[in-house]
Amino acid sequence: MKHPRLTIAYSVIFVCLSSHISAFAAPPAADVEHVLSWLPSDTETVFVAKGPFTIPAAFPQHEPVTDKATDYEVDQLFQCLPMALLDIGKGHLLQQLKGQQVNVAIEGSRHARSPHSLGEQPYEGAAIVIFGAGSQITPNAVLQKLQGESIRSEDIQGIHVLVFQEKMEDDLWTTYLAFPEKDVAVVATDRGYLEEVLTRRKGGAQKRALPDSHPEWKFIDQKAVYFGMRHYDRSQAEGDPSSPFGGKKAANFPDERAIGFTFSIGTKNPRQVSMTYFSGDLAMTPEQSPFQILAKSPEAHDIDSQFRSVEPGVVQVSCSFKTVEGLDYFLFLLEGFMGHAIYA
């Protein structure tokens, strides 16, 4: 599994260049709500990409063909963020799924922790991909072709699951692949998380992850094609270097009154990303928020950032990208804000 987030440079940006279908198609909101109900209730972070778009054949290592960040590149980047875990079995899963239409892709995660040295923070989570009605996937055939790349198979909640392992930097990542339905693929980084997803899928959920009562939902454009949310969980803070709780850490902005973070891309301007930070510190300004790095860091010079205070305790920044380099650095920051910080 060559996790796209670990390469941060241009490989992620070009991951889906052959997969574009207009980002402005009607988003399947019902699918999003349905999949959110599958996620464990203590899920802290979600990435969402609404379709339709298609699965690429691979996550290629491409050099940029232009310095300019186009709408097309931004579109493709955010399609692929919640599908990063699909790059397992030496890329063979993507080969089996290539060309299939995606209705919605969601990654949920919790319990992020420090890597042993470099690379992305390990975490418990799962990527869930809902395919379109015309899907030609035969799950048993896919699993059979990937059997040789796996280390074992298991039966979890009556579902046949393949287990893979790959060392990335100094961390050994274990991933679990399942097809709970013909048109649904799940790749998880933790057995317990996968088991909860499969149980909740059957209708056993009592409490939804990231419920509508969270204040962050108010600032996510309901028509957004791509969005994400992190609702900070103090109980998960101790081992997470990106958590705002517990003072200064390797990958955080310390704020004992932090509430959450969101990002979204609306339909009007696919090159503009809106990020919102929520804190119980009602006097917080953009200059005092995690977004200050966009104003102070030399690496952010190719990111056009417009800051504003929305209401007490809520600050927002709208970012657009002049170059691929600026888009690259934005992704690096976004991953950190979302609890997937990358040590380089």
# chains A, B, ... in the order shown; residues from 1 in each chain; ligands from 1
$ select_by_dssp --residues "range 127-337 of chain A" --states "alpha helix (DSSP H)" --output "number ranges by chain"
A: 139-146, 191-199, 292-296, 324-337
$ closest_residue --among "A:Pro40, A:Gly280, A:Pro241, A:Pro312" --to "Ser109 in chain A" --atoms "only C-alpha atoms"
A:Pro40
$ closest_atom_pairs --of "range 215-311 of chain A" --to "range 114-125 of chain A" --cutoff "10 Å" --atoms "only C-alpha atoms" --output "tab-separated table"
residue	atom	partner	partner_atom	distance
A:Gly239	CA	A:Ser114	CA	7.0
A:Asp240	CA	A:Ser114	CA	6.3
A:Pro241	CA	A:Ser114	CA	6.2
A:Ser242	CA	A:Ser114	CA	8.7
A:Ala250	CA	A:Ser114	CA	9.0
A:Ala251	CA	A:Ser114	CA	9.3
$ residues_around --residues "Val197 in chain A" --least-positions-apart "2" --cutoff "7 Å" --atoms "only C-alpha atoms" --output "number ranges by chain"
A: 38-40, 193-195, 199-201
$ closest_residue --among "A:Tyr329, A:Met168, A:Ile156, A:Glu238" --to "Leu198 in chain A" --atoms "only C-alpha atoms"
A:Ile156
$ residues_around --residues "His92 in chain A" --least-positions-apart "3" --cutoff "10 Å" --atoms "only C-alpha atoms" --output "list in words"
Met1, Ala57, Ala58, Leu86, Asp87, Ile88, Gly89, Gln95, Gln96, Leu97, Lys98, Val142, Lys145, Leu146 and Glu149 of chain A
$ write_last_selection --atoms "N, CA and C atoms" --output "PDB file, in the first residue's frame"
ATOM      1  N   MET A   1       0.849  -1.188   0.000  1.00  0.00           N
ATOM      2  CA  MET A   1       0.000   0.000   0.000  1.00  0.00           C
ATOM      3  C   MET A   1       0.882   1.235   0.000  1.00  0.00           C
ATOM      4  N   ALA A  57      -6.981   3.629 -12.526  1.00  0.00           N
ATOM      5  CA  ALA A  57      -6.291   2.340 -12.621  1.00  0.00           C
ATOM      6  C   ALA A  57      -5.137   2.243 -11.644  1.00  0.00           C
ATOM      7  N   ALA A  58      -4.619   3.390 -11.198  1.00  0.00           N
ATOM      8  CA  ALA A  58      -3.461   3.386 -10.304  1.00  0.00           C
ATOM      9  C   ALA A  58      -3.322   4.755  -9.685  1.00  0.00           C
ATOM     10  N   LEU A  86      -7.532   2.547  -0.626  1.00  0.00           N
ATOM     11  CA  LEU A  86      -7.767   1.524  -1.645  1.00  0.00           C
ATOM     12  C   LEU A  86      -6.490   1.078  -2.342  1.00  0.00           C
ATOM     13  N   ASP A  87      -5.400   1.789  -2.126  1.00  0.00           N
ATOM     14  CA  ASP A  87      -4.139   1.420  -2.775  1.00  0.00           C
ATOM     15  C   ASP A  87      -3.445   0.320  -1.984  1.00  0.00           C
ATOM     16  N   ILE A  88      -4.021  -0.881  -2.034  1.00  0.00           N
ATOM     17  CA  ILE A  88      -3.476  -2.033  -1.320  1.00  0.00           C
ATOM     18  C   ILE A  88      -3.211  -3.164  -2.309  1.00  0.00           C
ATOM     19  N   GLY A  89      -2.564  -4.217  -1.826  1.00  0.00           N
ATOM     20  CA  GLY A  89      -2.276  -5.356  -2.690  1.00  0.00           C
ATOM     21  C   GLY A  89      -1.412  -4.992  -3.869  1.00  0.00           C
ATOM     22  N   GLN A  95      -6.546  -1.881  -9.778  1.00  0.00           N
ATOM     23  CA  GLN A  95      -6.630  -2.479 -11.110  1.00  0.00           C
ATOM     24  C   GLN A  95      -7.959  -3.207 -11.302  1.00  0.00           C
ATOM     25  N   GLN A  96      -8.429  -3.847 -10.242  1.00  0.00           N
ATOM     26  CA  GLN A  96      -9.688  -4.578 -10.333  1.00  0.00           C
ATOM     27  C   GLN A  96     -10.906  -3.656 -10.344  1.00  0.00           C
ATOM     28  N   LEU A  97     -10.762  -2.481  -9.738  1.00  0.00           N
ATOM     29  CA  LEU A  97     -11.900  -1.567  -9.623  1.00  0.00           C
ATOM     30  C   LEU A  97     -11.886  -0.444 -10.661  1.00  0.00           C
ATOM     31  N   LYS A  98     -10.824  -0.352 -11.450  1.00  0.00           N
ATOM     32  CA  LYS A  98     -10.672   0.768 -12.373  1.00  0.00           C
ATOM     33  C   LYS A  98     -11.874   0.919 -13.300  1.00  0.00           C
ATOM     34  N   VAL A 142     -12.817 -10.444  -7.308  1.00  0.00           N
ATOM     35  CA  VAL A 142     -11.804  -9.483  -6.870  1.00  0.00           C
ATOM     36  C   VAL A 142     -11.002 -10.061  -5.708  1.00  0.00           C
ATOM     37  N   LYS A 145      -8.568 -12.818  -6.794  1.00  0.00           N
ATOM     38  CA  LYS A 145      -7.374 -12.325  -7.487  1.00  0.00           C
ATOM     39  C   LYS A 145      -6.391 -11.659  -6.532  1.00  0.00           C
ATOM     40  N   LEU A 146      -6.890 -11.126  -5.397  1.00  0.00           N
ATOM     41  CA  LEU A 146      -6.020 -10.461  -4.430  1.00  0.00           C
ATOM     42  C   LEU A 146      -5.548 -11.383  -3.311  1.00  0.00           C
ATOM     43  N   GLU A 149      -1.835 -11.642  -2.541  1.00  0.00           N
ATOM     44  CA  GLU A 149      -1.163 -10.474  -1.972  1.00  0.00           C
ATOM     45  C   GLU A 149      -1.463 -10.305  -0.483  1.00  0.00           C
TER      46      GLU A 149
END
$ residues_around --residues "Ser135 in chain A" --least-positions-apart "3" --cutoff "7 Å" --atoms "only C-alpha atoms" --output "ChimeraX atom specification"
/A:100-101,131-132,183
$ write_last_selection --atoms "N, CA and C atoms" --output "tab-separated table (two decimals), in the first residue's frame"
chain	number	residue	atom	x	y	z
A	100	GLN	N	-14.84	1.86	-12.53
A	100	GLN	CA	-16.14	1.75	-11.88
A	100	GLN	C	-16.60	3.12	-11.39
A	101	GLN	N	-17.87	3.39	-11.57
A	101	GLN	CA	-18.40	4.68	-11.15
A	101	GLN	C	-18.66	4.70	-9.65
A	131	PHE	N	-20.51	2.23	-4.98
A	131	PHE	CA	-20.44	2.27	-6.44
A	131	PHE	C	-21.81	2.53	-7.05
A	132	GLY	N	-21.81	2.96	-8.30
A	132	GLY	CA	-23.04	3.28	-9.01
A	132	GLY	C	-23.85	2.03	-9.34
A	183	ASP	N	-22.08	-3.62	-4.33
A	183	ASP	CA	-21.71	-2.27	-4.76
A	183	ASP	C	-21.05	-1.46	-3.65
$ closest_residue --among "A:Asp190, A:Gly260, A:Ile151, A:Asp328" --to "Arg234 in chain A" --atoms "only C-alpha atoms"
A:Gly260
$ closest_atom_pairs --of "range 79-159 of chain A" --to "range 47-53 of chain A" --cutoff "9 Å" --atoms "only C-alpha atoms" --output "tab-separated table"
residue	atom	partner	partner_atom	distance
A:Gln79	CA	A:Ala49	CA	5.4
A:Cys80	CA	A:Ala49	CA	7.8
A:Leu81	CA	A:Phe47	CA	7.1
A:Pro82	CA	A:Phe47	CA	5.4
A:Met83	CA	A:Ala49	CA	8.9
A:Gly99	CA	A:Phe53	CA	8.9
A:Gln100	CA	A:Phe53	CA	8.2
A:Gln101	CA	A:Phe53	CA	5.5
A:Val102	CA	A:Phe53	CA	5.4
A:Asn103	CA	A:Gly51	CA	4.4
A:Val104	CA	A:Lys50	CA	4.5
A:Ala105	CA	A:Ala49	CA	5.3
A:Ile106	CA	A:Val48	CA	4.6
A:Glu107	CA	A:Phe47	CA	5.2
A:Gly108	CA	A:Phe47	CA	6.7
A:Phe131	CA	A:Pro52	CA	8.9
A:Gly132	CA	A:Pro52	CA	7.8
$ atom_distance --atom1 "CA of Leu94 in chain A" --atom2 "CA of Thr174 in chain A"
17.5 Å
$ residues_around --residues "Pro215 in chain A" --least-positions-apart "3" --cutoff "12 Å" --atoms "only C-alpha atoms" --output "JSON, numbers by chain"
{"A": [210, 211, 212, 218, 219, 220, 229, 230, 231, 232, 259, 260, 261, 262, 276, 277, 278, 279, 280, 313, 314]}
$ closest_residue --among "A:Lys249, A:His340, A:His214, A:Lys268" --to "Ala112 in chain A" --atoms "only C-alpha atoms"
A:His340
$ closest_atom_pairs --of "range 60-143 of chain A" --to "range 293-306 of chain A" --cutoff "12 Å" --atoms "only C-alpha atoms" --output "Markdown table"
| residue | atom | partner | partner_atom | distance |
| --- | --- | --- | --- | --- |
| A:Asp67 | CA | A:Asp302 | CA | 10.7 |
| A:Lys68 | CA | A:Asp302 | CA | 10.1 |
| A:Ala69 | CA | A:Asp302 | CA | 9.9 |
$ closest_residue --among "A:Phe227, A:Phe78, A:Phe164, A:Phe307" --to "Val187 in chain A" --atoms "only C-alpha atoms"
A:Phe164
$ select_by_dssp --residues "range 72-223 of chain A" --states "strand (DSSP E)" --output "PyMOL selection string"
chain A and resi 101-110+119-120+124-131+152-156+159-168+171-181+184-188
